[in-house]
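Remarks on the structure that follows.
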Amino acid sequence: MSLPPPAARPRRAPLALRVAAHEDLGGGLRWLTLAAPDVAAAAEPGQFAHVRCGGGLGPDGALGTRRAYSLADADPDRGTVSLLYRVWGRGSVWLSQRRPGEVLDVLAPLGTPFRLDPHRTPVFVAGGTGVAPFIFLARRARQKGLRPLAFVGARTAAELAGGEFLAAAGAEVAVATDDGTAGFAGTVVDLVVRALEETAAAGGLAGPSPALYACGPHAMMAALAAACAAHGWPLQVSLETPMACGIGICLSCTVPGPRGPGFYRRCCVEGPVFDAREVAWE
Amino acid sequence: MSLPPPAARPRRAPLALRVAAHEDLGGGLRWLTLAAPDVAAAAEPGQFAHVRCGGGLGPDGALGTRRAYSLADADPDRGTVSLLYRVWGRGSVWLSQRRPGEVLDVLAPLGTPFRLDPHRTPVFVAGGTGVAPFIFLARRARQKGLRPLAFVGARTAAELAGGEFLAAAGAEVAVATDDGTAGFAGTVVDLVVRALEETAAAGGLAGPSPALYACGPHAMMAALAAACAAHGWPLQVSLETPMACGIGICLSCTVPGPRGPGFYRRCCVEGPVFDAREVAWE
Amino acid sequence: MSDLTTRLGPLTLRNPVLLASGTAGFGRELAEYLDLAGLGGIIVKGTSPSPWYGNPGPRTVETPSGLINSIGLENPGLRHFLEEDLPWLRTQGATVIVNVVGRTVEEYAAVAEGLAGADGVAALELNISCPNVKAGGIQFGHDPRLAAEVTRAVKAACGRPLFVKLSPNAPDVPAVAEAVLEAGADGLSLINTYLALAIDVARLRPVLPSVFGGLSGPAIKPLALRWVWEAHARFRVPIIGMGGIREWSDAAEFLLAGAQAVAVGTASFTEPRTAAFVVEGLRKWLDERGFATVGEVVGLAHRAIDGEEAVPLGQS
Amino acid sequence: MSDLTTRLGPLTLRNPVLLASGTAGFGRELAEYLDLAGLGGIIVKGTSPSPWYGNPGPRTVETPSGLINSIGLENPGLRHFLEEDLPWLRTQGATVIVNVVGRTVEEYAAVAEGLAGADGVAALELNISCPNVKAGGIQFGHDPRLAAEVTRAVKAACGRPLFVKLSPNAPDVPAVAEAVLEAGADGLSLINTYLALAIDVARLRPVLPSVFGGLSGPAIKPLALRWVWEAHARFRVPIIGMGGIREWSDAAEFLLAGAQAVAVGTASFTEPRTAAFVVEGLRKWLDERGFATVGEVVGLAHRAIDGEEAVPLGQS
Ligand SMILES: Cc1cc2nc3c(=O)[nH]c(=O)nc-3n(C[C@H](O)[C@H](O)[C@H](O)COP(=O)(O)OP(=O)(O)OC[C@H]3O[C@@H](n4cnc5c(N)ncnc54)[C@H](O)[C@@H]3O)c2cc1C
Ligand SMILES: Cc1cc2nc3c(=O)[nH]c(=O)nc-3n(C[C@H](O)[C@H](O)[C@H](O)COP(=O)(O)OP(=O)(O)OC[C@H]3O[C@@H](n4cnc5c(N)ncnc54)[C@H](O)[C@@H]3O)c2cc1C
Ligand SMILES: Cc1cc2nc3c(=O)[nH]c(=O)nc-3n(C[C@H](O)[C@H](O)[C@H](O)COP(=O)(O)O)c2cc1C
Ligand SMILES: Cc1cc2nc3c(=O)[nH]c(=O)nc-3n(C[C@H](O)[C@H](O)[C@H](O)COP(=O)(O)O)c2cc1C
Ligand code: FES
Ligand code: FES
């Protein structure tokens, strides 16, 4: 057999990234900063990092699959990217024990980013750790001269960490808690819909019309998608599905489209950011 | 069902032992010291520690079984015990990465110790990391007023580390290397047999007759057992077998006795130290 | 506070956590690490009419999240059990289940007969599934007719609650299950180890002199759960579930799949207190979730998908 | 320097390391991480006559050293493969093996026929073993007669080297192997995933909507090795071994057990370069041990125990 030479040489590889800082934000949340100049330069808001936790499939690893974390921030000048995560199960507990100087095995940046509409006011709607991508997106929006509004929801005040980061990145932040311990008492969807309706009733936003970007629990996003459809507001959502590979080879992460299973798309490649109209919310 | 109350309450548990010091001895050997006052007070030379490596069967662990290491030293005053080990496969590589302050999950002391004959000169014969238990045993022998001789073999000089520890513990040390890079060129069995034969020819040791204690590769011990049987020298051996549990419940470690399979005994409980005559050497 | 008592047909256990056969000896060693009376019970090492000596070593080899063993059912025999082990276990307040092995139907029956008169034997677990004995066990576990025959003989010899422990290596596991249940078994023990191989790349040969051994440990948990689910769906009989349990949540999976009790095996090798931890974890879970009894969670995962297709892909 | 070329009957591969079907898509994604031409080849995702959409999510769940999947053979169909994927794979210099799936004998034959005329298809892997398709695949894999029938039809439709991929969940795996070999298969692919279950303890229900899925990953390596060993001992046919390979030494175990080639599956999910690392590791090992060819180590572990009892405990 004589075969033609390969057309393109492989160019990607998992990266060995040093932990630059690791902060406990309270409420079970952590802020992890990695030294990663190339990622910081290339990354777009909405993309994610796929982190090998506990050694992965390697010689001493029990955890097989990586864990996905949205890029919560990227600083090309310092050459760092940051993740905002909740200490939860096996992967994130392992991650929470990593100390500055340790090296992590990371695939990044992965996935399709948010598409920032330059002609509309960005409105971010975040539930729980869903705030993560909007810190990065707020920074990018400000760089493009936009003035983002961010609506952040959590069960309780203690879990609201991330708001300061959003504000520092240049977003105007309003919060909602289910138990009313901070901000609006109720869901973040109620809050944002009410706010946008009031603004509309008052003759429109003081500026261009809104474009919504959401990340959070499925139920929150389904409710928001319904409201946006009713009001005609454009909505992009960042979805979370189990991701065995993160690079498009396993088909574990597919998202059904609105017209049935024939429209499955991979959350890790075609997503995690989708137009809300292209998702079957049921 | 009305049952009688349990006769005895459980009293043992795996210990959480802090790494007090961890030294690279060269030649792939390490000296690990653990803070363990109770173990240091209770342990006898020949006993071992069973160390969980890589998280074991726990939530983030791939390695299922523990790894056995002879107690190479115990210092009841400082409340420490030490292990001498070779960086080899998954367990020992993991172990070699542990830093002072980290806490290990250890079962110790386990197993049946050497029985030091108070009326004979202790002669230790060690191959490779088999030197480990004799550091502890040398110390104990000196405390009992005995003057131990130690014969240590290795493939090459670089792997002879441990000799200084033996000497420091009070043994008179002679070495053999397969490649002749240090001491006698040949096997440690040849060396010790020659030395003892010469002494015997010269009219006996300057003191009581010898009792031999050996630890090392199977072939070395089989050869030594044959020589001892021929000369009528008493020999105790510390054996290594795969040990899934280390506490007597799995029967993975059994050692065949000289009269066939009916004489299997557990290396972890009835051993690791056996009278050489009670072992089938084949 | 939830009631941890669990009923498996004629057998009632004070809680659902047992020590698995062959991974706890006859209790003496683990009694130094946990209180045997605080467990559901102990299933002792496979016991034959006379002493068995087992296989040459190495007898175990570690694999990813698993352990392959080829012990060969070494045990000191029935008489030793009755004279030395059983009396001692009774002083500990342990509930004792005896794992019965033999090379022939007669040998199995002989052990059962010997146990019939003994006080303090709560139940029998019939091991027709050990992959490490060539002459005996394995054929019984693979052939429904033979499995039924040995079950009948053992039940006739000893009327105590009888659980038959199945081999996942049998060609038709459900057929064997059906046969032994019809022959009088009160329930099933699921599952014994999977036939497995490891090769020593340095020595260019199988690690174990017996070539194959049986795989246990967390690696097989998803496979064991599948059998428990299918057996519960199909037979609704008492089940002792086992395979890879190392945390309370593993045990909870087995209960939800349809087991009334579970057994902790290989995990005890690394953490001898595992079974006691599992009891505590289950207690806490049932309390927190507001389940009053163990029975409420047994098979509950089936009900969650009722209406959905229940056993779509099972074997046979 | 050892020659890494390996021969599987009519098929010659430049080295023994393939990408396993369903874990490498059609090569595009992994080509960013490794050089497809540096591998033995790629076995592409199961390909059906027309597009299949697969199962609802979640489709995977992690277990100790394993992964359960229930993808449902989602694939874009034969035409897409022929028009988009195969031409691209050829530009990469990849050796291409096509994994063929269908719901009926006719569907299998249709795929085979479509591949008969295509340039650059080195071999076919007949998937009669996917546990995640209800209407089709699985029955073929469990019934020797049906397995033979579909093998014959596929071989008749496409003369290329044909490997039949067996299911470990079949009641009688050796009988299926024998049937497909008699029906014209050039070799066997061993092994597909094990039927498995995981239960979500928080939600009190199976994690996967399909209830069961297939277990892959290091957890099943000792089980897969057992099948390779038995098939080699019994049939001496070409074997592609797979199940849990993540390091060169895992691959070496498969070769020593009797496989001429291996496939890397789940491990690529965590480390996309795994297959390339395995090639390098094997090369180094063969060099260091002084083996001139891959053929010298294939089945070598059997020879090490010749004289000893070879297959003492195999199923059936
Ligand atoms: C594209 C993408 C982006 C993501 N970004 C982030 C991020 O920025 N920050 C972040 O913290 N996580 C993020 N996640 C989730 C993350 O990948 C892990 O799933 C999470 O950290 C839990 O992993 P674990 O190993 O700790 O728990 P596991 O042991 O894997 O999870 C245990 C169980 O808990 C469930 N579970 C996991 N997390 C939660 C939760 N928060 N609430 C309720 N149930 C849960 C899981 O479904 C699982 O059944 C993202 C996921 C995706 C796919
Ligand atoms: C009672 C007892 C006492 C022990 N005392 C000591 C001690 O004091 N110091 C010490 O270093 N080890 C000691 N060992 C050995 C130790 O328990 C481990 O087996 C060793 O550390 C290798 O474990 P691993 O996880 O690193 O390698 P593994 O991954 O378990 O081993 C890989 C393979 O290498 C083989 N192997 C392991 N070690 C060697 C070796 N040195 N030479 C050649 N092949 C080997 C194993 O059989 C296995 O097949 C003792 C064992 C026992 C049973
Ligand atoms: C070392 C060892 C010895 C075993 N001996 C027996 C036995 O004598 N009788 C039996 O029925 N099962 C025996 N088993 C099987 C276990 O009881 C259990 O079914 C299996 O190990 C799965 O559970 P686990 O994964 O929790 O270990 C043995 C298992 C191991 C690991
Ligand atoms: C997500 C996933 C999808 C798979 N899809 C297929 C498939 O389409 N056809 C097939 O024959 N095998 C399929 N398999 C099985 C693998 O090819 C392989 O036989 C199995 O995963 C064992 O190897 P591993 O442990 O290295 O993954 C799939 C496996 C996984 C994990
Ligand atoms: S996570 Fe594997 S395809 Fe998306
Ligand atoms: S190691 Fe388990 S009995 Fe000795």
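Please note that chains go A, B, ... in the order of the structure tokens, that every chain numbers its residues from 1, and that ligands are numbered from 1 in the order shown.
The shell of residues at most 7 Å from range 202-217 of chain C, with only C-alpha atoms counted and near chain neighbours (fewer than 3 positions) removed, consists of Gly57, Pro58, Arg59, Ser65, Gly66, Leu67, Ile68, Asn69, Ser70, Pro131, Asn132, Thr193, Tyr194, Leu195, Ala196, Leu197, Ala198, Ile199, Ile220, Gly243, Gly244, Thr266 and Ala267 of chain C; Leu256, Leu300, Ala301 and Ala304 of chain D.
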Dump N, CA and C atoms for the selected residues as a PDB file, in the first residue's frame?
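Listing of out_31.pdb after writing:
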```pdb
ATOM      1  N   GLY C  57       0.457 -20.084  44.678  1.00  0.00           N
ATOM      2  CA  GLY C  57       0.511 -18.641  44.470  1.00  0.00           C
ATOM      3  C   GLY C  57       1.348 -18.282  43.256  1.00  0.00           C
ATOM      4  N   PRO C  58       1.313 -17.023  42.827  1.00  0.00           N
ATOM      5  CA  PRO C  58       0.493 -15.955  43.400  1.00  0.00           C
ATOM      6  C   PRO C  58      -0.992 -16.202  43.168  1.00  0.00           C
ATOM      7  N   ARG C  59      -1.776 -15.807  44.136  1.00  0.00           N
ATOM      8  CA  ARG C  59      -3.206 -16.073  44.100  1.00  0.00           C
ATOM      9  C   ARG C  59      -4.036 -14.837  43.778  1.00  0.00           C
ATOM     10  N   SER C  65      -9.204  -0.765  39.511  1.00  0.00           N
ATOM     11  CA  SER C  65     -10.392  -0.828  40.379  1.00  0.00           C
ATOM     12  C   SER C  65     -10.867  -2.250  40.614  1.00  0.00           C
ATOM     13  N   GLY C  66      -9.986  -3.212  40.467  1.00  0.00           N
ATOM     14  CA  GLY C  66     -10.399  -4.589  40.668  1.00  0.00           C
ATOM     15  C   GLY C  66      -9.286  -5.468  41.198  1.00  0.00           C
ATOM     16  N   LEU C  67      -9.667  -6.682  41.512  1.00  0.00           N
ATOM     17  CA  LEU C  67      -8.726  -7.674  42.012  1.00  0.00           C
ATOM     18  C   LEU C  67      -9.101  -9.012  41.390  1.00  0.00           C
ATOM     19  N   ILE C  68      -8.122  -9.695  40.821  1.00  0.00           N
ATOM     20  CA  ILE C  68      -8.377 -11.052  40.333  1.00  0.00           C
ATOM     21  C   ILE C  68      -7.852 -12.012  41.388  1.00  0.00           C
ATOM     22  N   ASN C  69      -8.692 -12.988  41.772  1.00  0.00           N
ATOM     23  CA  ASN C  69      -8.204 -13.960  42.739  1.00  0.00           C
ATOM     24  C   ASN C  69      -8.378 -15.372  42.229  1.00  0.00           C
ATOM     25  N   SER C  70      -7.483 -16.203  42.701  1.00  0.00           N
ATOM     26  CA  SER C  70      -7.580 -17.631  42.434  1.00  0.00           C
ATOM     27  C   SER C  70      -7.129 -18.353  43.700  1.00  0.00           C
ATOM     28  N   PRO C 131     -15.131 -19.840  40.376  1.00  0.00           N
ATOM     29  CA  PRO C 131     -14.431 -20.212  39.142  1.00  0.00           C
ATOM     30  C   PRO C 131     -13.085 -20.871  39.389  1.00  0.00           C
ATOM     31  N   ASN C 132     -12.710 -21.084  40.615  1.00  0.00           N
ATOM     32  CA  ASN C 132     -11.339 -21.537  40.863  1.00  0.00           C
ATOM     33  C   ASN C 132     -11.207 -22.991  41.276  1.00  0.00           C
ATOM     34  N   THR C 193     -17.598 -13.762  41.198  1.00  0.00           N
ATOM     35  CA  THR C 193     -16.608 -13.037  40.396  1.00  0.00           C
ATOM     36  C   THR C 193     -16.657 -13.410  38.908  1.00  0.00           C
ATOM     37  N   TYR C 194     -16.152 -12.497  38.091  1.00  0.00           N
ATOM     38  CA  TYR C 194     -16.092 -12.676  36.639  1.00  0.00           C
ATOM     39  C   TYR C 194     -14.764 -13.302  36.235  1.00  0.00           C
ATOM     40  N   LEU C 195     -14.850 -14.310  35.397  1.00  0.00           N
ATOM     41  CA  LEU C 195     -13.654 -14.945  34.856  1.00  0.00           C
ATOM     42  C   LEU C 195     -12.755 -13.889  34.196  1.00  0.00           C
ATOM     43  N   ALA C 196     -11.501 -13.875  34.579  1.00  0.00           N
ATOM     44  CA  ALA C 196     -10.634 -12.774  34.165  1.00  0.00           C
ATOM     45  C   ALA C 196      -9.195 -13.236  34.040  1.00  0.00           C
ATOM     46  N   LEU C 197      -8.423 -12.422  33.333  1.00  0.00           N
ATOM     47  CA  LEU C 197      -7.030 -12.766  33.042  1.00  0.00           C
ATOM     48  C   LEU C 197      -6.150 -11.523  33.172  1.00  0.00           C
ATOM     49  N   ALA C 198      -4.981 -11.722  33.712  1.00  0.00           N
ATOM     50  CA  ALA C 198      -3.954 -10.676  33.684  1.00  0.00           C
ATOM     51  C   ALA C 198      -2.663 -11.321  33.233  1.00  0.00           C
ATOM     52  N   ILE C 199      -1.937 -10.593  32.406  1.00  0.00           N
ATOM     53  CA  ILE C 199      -0.687 -11.138  31.885  1.00  0.00           C
ATOM     54  C   ILE C 199       0.481 -10.311  32.394  1.00  0.00           C
ATOM     55  N   ILE C 220     -16.426  -4.244  38.835  1.00  0.00           N
ATOM     56  CA  ILE C 220     -17.573  -5.050  38.401  1.00  0.00           C
ATOM     57  C   ILE C 220     -18.909  -4.550  38.958  1.00  0.00           C
ATOM     58  N   GLY C 243     -20.730  -6.947  44.813  1.00  0.00           N
ATOM     59  CA  GLY C 243     -19.844  -6.683  43.690  1.00  0.00           C
ATOM     60  C   GLY C 243     -19.388  -5.234  43.754  1.00  0.00           C
ATOM     61  N   GLY C 244     -18.211  -5.009  44.301  1.00  0.00           N
ATOM     62  CA  GLY C 244     -17.616  -3.679  44.255  1.00  0.00           C
ATOM     63  C   GLY C 244     -18.119  -2.655  45.238  1.00  0.00           C
ATOM     64  N   THR C 266     -14.244  -7.261  48.535  1.00  0.00           N
ATOM     65  CA  THR C 266     -12.877  -6.802  48.325  1.00  0.00           C
ATOM     66  C   THR C 266     -12.533  -5.512  49.061  1.00  0.00           C
ATOM     67  N   ALA C 267     -13.515  -4.645  49.235  1.00  0.00           N
ATOM     68  CA  ALA C 267     -13.231  -3.368  49.889  1.00  0.00           C
ATOM     69  C   ALA C 267     -12.688  -3.559  51.299  1.00  0.00           C
TER      70      ALA C 267
ATOM     71  N   LEU D 256       0.156 -10.643  23.823  1.00  0.00           N
ATOM     72  CA  LEU D 256       0.643 -11.881  24.444  1.00  0.00           C
ATOM     73  C   LEU D 256      -0.475 -12.900  24.619  1.00  0.00           C
ATOM     74  N   LEU D 300       2.191 -15.357  22.771  1.00  0.00           N
ATOM     75  CA  LEU D 300       3.389 -15.911  23.417  1.00  0.00           C
ATOM     76  C   LEU D 300       3.113 -16.413  24.835  1.00  0.00           C
ATOM     77  N   ALA D 301       2.175 -15.775  25.522  1.00  0.00           N
ATOM     78  CA  ALA D 301       1.899 -16.198  26.903  1.00  0.00           C
ATOM     79  C   ALA D 301       1.306 -17.600  26.964  1.00  0.00           C
ATOM     80  N   ALA D 304       4.183 -19.946  27.075  1.00  0.00           N
ATOM     81  CA  ALA D 304       4.858 -19.963  28.374  1.00  0.00           C
ATOM     82  C   ALA D 304       4.269 -21.009  29.307  1.00  0.00           C
TER      83      ALA D 304
END
```
Nearby residues, ligand 1, 9 Å, only C-alpha atoms and all ligand atoms, as a count of residues only: 58
Who sits within 7 Å of Arg273 in chain D, only C-alpha atoms, same chain under 4 positions skipped, as a ChimeraX atom specification: /D:33-34,268,277
DSSP helix (DSSP H, G or I) selection over range 168-286 of chain D, as a ChimeraX atom specification: /D:173-182,218-235,248-257,267-270,274-286
Could you write out that same residue set with C-alpha atoms as a short mmCIF file (atom, residue, chain, number, x, y, z; two decimals), in the first residue's frame?
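Listing of out36.cif after writing:
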```cif
data_model
loop_
_atom_site.label_atom_id
_atom_site.label_comp_id
_atom_site.auth_asym_id
_atom_site.auth_seq_id
_atom_site.Cartn_x
_atom_site.Cartn_y
_atom_site.Cartn_z
CA VAL D 173 -19.65 -16.52 23.03
CA PRO D 174 -17.50 -19.36 21.65
CA ALA D 175 -20.50 -20.76 19.75
CA VAL D 176 -21.06 -17.39 18.10
CA ALA D 177 -17.36 -17.17 17.29
CA GLU D 178 -17.36 -20.57 15.73
CA ALA D 179 -20.47 -19.82 13.69
CA VAL D 180 -19.19 -16.57 12.23
CA LEU D 181 -15.79 -18.06 11.43
CA GLU D 182 -17.45 -20.90 9.59
CA PRO D 218 -9.89 -0.26 32.19
CA ALA D 219 -12.45 -1.96 34.44
CA ILE D 220 -13.17 -4.56 31.75
CA LYS D 221 -9.61 -5.17 30.61
CA PRO D 222 -9.20 -8.42 32.61
CA LEU D 223 -12.49 -9.70 31.18
CA ALA D 224 -11.61 -8.79 27.61
CA LEU D 225 -8.21 -10.46 27.95
CA ARG D 226 -9.92 -13.65 29.01
CA TRP D 227 -11.94 -13.73 25.78
CA VAL D 228 -8.91 -13.05 23.63
CA TRP D 229 -7.00 -15.82 25.38
CA GLU D 230 -9.81 -18.32 24.88
CA ALA D 231 -10.44 -17.40 21.25
CA HIS D 232 -6.75 -17.68 20.43
CA ALA D 233 -6.44 -21.02 22.19
CA ARG D 234 -9.46 -22.40 20.46
CA PHE D 235 -9.51 -20.95 16.95
CA TRP D 248 1.41 0.20 25.94
CA SER D 249 1.59 -2.54 28.55
CA ASP D 250 -2.16 -3.09 28.30
CA ALA D 251 -1.74 -3.54 24.57
CA ALA D 252 1.17 -5.89 25.17
CA GLU D 253 -1.07 -8.03 27.37
CA PHE D 254 -3.53 -8.37 24.51
CA LEU D 255 -0.80 -9.33 22.04
CA LEU D 256 0.64 -11.88 24.44
CA ALA D 257 -2.85 -13.30 24.97
CA ALA D 267 -8.91 6.03 26.92
CA SER D 268 -8.95 8.45 23.97
CA PHE D 269 -11.68 10.40 25.74
CA THR D 270 -9.33 11.43 28.51
CA THR D 274 -3.35 7.54 23.82
CA ALA D 275 -3.19 5.45 20.64
CA ALA D 276 -0.04 7.23 19.49
CA PHE D 277 1.57 6.72 22.89
CA VAL D 278 0.67 3.03 22.75
CA VAL D 279 2.39 2.68 19.36
CA GLU D 280 5.54 4.28 20.74
CA GLY D 281 5.47 2.18 23.89
CA LEU D 282 5.05 -1.05 21.96
CA ARG D 283 7.88 -0.11 19.63
CA LYS D 284 10.18 0.51 22.56
CA TRP D 285 9.16 -2.69 24.31
CA LEU D 286 9.68 -4.88 21.27
#
```
All residues 10 Å or closer to Ser21 in chain C, only C-alpha atoms, same chain fewer than 5 positions away omitted, as a list in words: Cys250 of chain B; Phe26, Ile42, Ile43, Val44, Lys45, Gly46, Thr47, Ile97, Val98, Asn99, Val100, Glu125, Asn127, Asn192, Ala263, Val264 and Gly265 of chain C
Compile the contact shell of Ala43 in chain B as a short mmCIF file (atom, residue, chain, number, x, y, z; two decimals) with N, CA, C and O atoms, in the first residue's frame: residues with an atom at most 12 Å away, counting only C-alpha atoms, same-chain residues fewer than 5 positions apart removed.
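Output below, filename around_34.cif:
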```
data_model
loop_
_atom_site.label_atom_id
_atom_site.label_comp_id
_atom_site.auth_asym_id
_atom_site.auth_seq_id
_atom_site.Cartn_x
_atom_site.Cartn_y
_atom_site.Cartn_z
N ALA B 36 4.46 8.20 64.48
CA ALA B 36 3.57 7.11 64.87
C ALA B 36 3.99 6.57 66.23
O ALA B 36 4.54 5.48 66.34
N PRO B 37 3.75 7.35 67.29
CA PRO B 37 4.24 6.96 68.62
C PRO B 37 3.77 5.57 69.05
O PRO B 37 4.57 4.79 69.56
N ASP B 38 2.50 5.26 68.80
CA ASP B 38 1.99 3.96 69.26
C ASP B 38 2.65 2.82 68.52
O ASP B 38 2.99 1.79 69.12
N PHE B 48 5.59 -5.45 59.71
CA PHE B 48 5.49 -4.55 58.56
C PHE B 48 4.33 -3.58 58.70
O PHE B 48 3.46 -3.73 59.57
N ALA B 49 4.38 -2.57 57.83
CA ALA B 49 3.29 -1.59 57.72
C ALA B 49 2.60 -1.82 56.39
O ALA B 49 3.25 -2.14 55.40
N SER B 70 8.37 -3.46 55.24
CA SER B 70 8.97 -3.83 56.52
C SER B 70 9.23 -2.58 57.33
O SER B 70 9.62 -1.54 56.79
N LEU B 71 9.03 -2.68 58.64
CA LEU B 71 9.44 -1.58 59.50
C LEU B 71 10.95 -1.60 59.56
O LEU B 71 11.56 -2.53 60.09
N ALA B 72 11.56 -0.57 58.97
CA ALA B 72 13.02 -0.55 58.87
C ALA B 72 13.64 0.02 60.13
O ALA B 72 14.82 -0.20 60.40
N ASP B 73 12.86 0.76 60.87
CA ASP B 73 13.35 1.28 62.15
C ASP B 73 12.16 1.78 62.95
O ASP B 73 11.10 2.07 62.40
N ALA B 74 12.35 1.84 64.25
CA ALA B 74 11.33 2.39 65.14
C ALA B 74 12.05 3.12 66.26
O ALA B 74 12.99 2.58 66.84
N ASP B 75 11.64 4.32 66.51
CA ASP B 75 12.27 5.11 67.56
C ASP B 75 11.19 5.51 68.57
O ASP B 75 10.48 6.50 68.38
N PRO B 76 11.04 4.72 69.63
CA PRO B 76 9.97 5.00 70.59
C PRO B 76 10.14 6.37 71.25
O PRO B 76 9.14 7.00 71.61
N GLY B 79 9.02 8.77 68.73
CA GLY B 79 7.67 8.41 68.27
C GLY B 79 7.58 8.29 66.76
O GLY B 79 6.59 8.70 66.15
N THR B 80 8.63 7.73 66.15
CA THR B 80 8.60 7.57 64.69
C THR B 80 8.93 6.14 64.28
O THR B 80 9.61 5.42 65.02
N VAL B 81 8.43 5.77 63.12
CA VAL B 81 8.89 4.54 62.46
C VAL B 81 9.34 4.92 61.06
O VAL B 81 8.88 5.92 60.50
N SER B 82 10.21 4.09 60.49
CA SER B 82 10.74 4.39 59.16
C SER B 82 10.61 3.20 58.23
O SER B 82 10.61 2.05 58.69
N LEU B 107 -1.85 0.59 58.09
CA LEU B 107 -2.11 -0.46 59.08
C LEU B 107 -0.76 -0.94 59.61
O LEU B 107 0.08 -1.40 58.84
N ALA B 108 -0.54 -0.81 60.92
CA ALA B 108 0.75 -1.24 61.48
C ALA B 108 0.65 -1.28 63.00
O ALA B 108 -0.15 -0.57 63.58
N PRO B 109 1.50 -2.06 63.65
CA PRO B 109 2.38 -3.07 63.04
C PRO B 109 1.61 -4.35 62.76
O PRO B 109 0.72 -4.73 63.51
N LEU B 110 1.97 -5.02 61.67
CA LEU B 110 1.33 -6.27 61.29
C LEU B 110 2.37 -7.39 61.23
O LEU B 110 3.55 -7.13 61.01
N GLY B 111 1.90 -8.61 61.38
CA GLY B 111 2.74 -9.78 61.14
C GLY B 111 3.53 -10.25 62.35
O GLY B 111 3.55 -9.60 63.40
N THR B 112 4.15 -11.39 62.15
CA THR B 112 4.93 -12.06 63.19
C THR B 112 6.40 -11.66 63.06
O THR B 112 6.98 -11.80 61.99
N PRO B 113 7.01 -11.15 64.14
CA PRO B 113 8.39 -10.64 64.05
C PRO B 113 9.45 -11.75 64.08
O PRO B 113 9.14 -12.92 64.28
N PHE B 114 10.68 -11.33 63.85
CA PHE B 114 11.82 -12.23 64.08
C PHE B 114 11.87 -12.62 65.55
O PHE B 114 11.50 -11.84 66.44
N PRO B 133 14.37 -4.66 57.30
CA PRO B 133 14.05 -5.08 58.67
C PRO B 133 15.27 -5.22 59.57
O PRO B 133 15.14 -5.21 60.79
N PHE B 136 16.28 -2.23 62.01
CA PHE B 136 15.50 -2.31 63.24
C PHE B 136 16.00 -3.48 64.10
O PHE B 136 16.21 -3.35 65.32
N LEU B 137 16.25 -4.62 63.46
CA LEU B 137 16.65 -5.81 64.22
C LEU B 137 18.05 -5.63 64.82
O LEU B 137 18.32 -6.11 65.93
N ARG B 140 17.71 -3.63 67.93
CA ARG B 140 17.15 -4.44 69.00
C ARG B 140 18.20 -5.43 69.54
O ARG B 140 18.31 -5.64 70.75
#
```
Contacts of Ala16 in chain A at 6 Å (only C-alpha atoms; same-chain gap of 2+ positions) as number ranges by chain: A: 103-105
Nearest to Gly241 in chain D by atom-to-atom distance, counting only C-alpha atoms, from D:Thr63, D:Asn75, D:Asn15, D:Ser189: D:Ser189
Spatial neighbours of Ala261 in chain C, max dist 6 Å, only C-alpha atoms, sep filter under 2 positions, as a list in words: Pro16, Ile240 and Ala259 of chain C
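Coordinates place CA of Ala161 in chain B at a distance of 7.3 Å from CA of Gly26 in chain B.
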Minimum-distance residue to chain C, chosen among D:Leu126, D:Leu82, D:Val298, D:Ala156 (using only C-alpha atoms): D:Val298
Which of range 54-176 of chain B DSSP labels strand (DSSP E or B), written as a PyMOL selection string: chain B and resi 67-70+73-75+80-86+103-110+112+121-127+149-154+172-176
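For the pair CA of Ile135 in chain A and CA of Phe165 in chain A, the separation is 6.3 Å.
Here CA of Val189 in chain B stands at a distance of 14.4 Å from CA of Gln236 in chain B.
Closest approach to ligand 4 from the set C:Pro171, C:Pro238, C:Pro64, C:Pro87 is made by C:Pro64, with distances taken over only C-alpha atoms and all ligand atoms.
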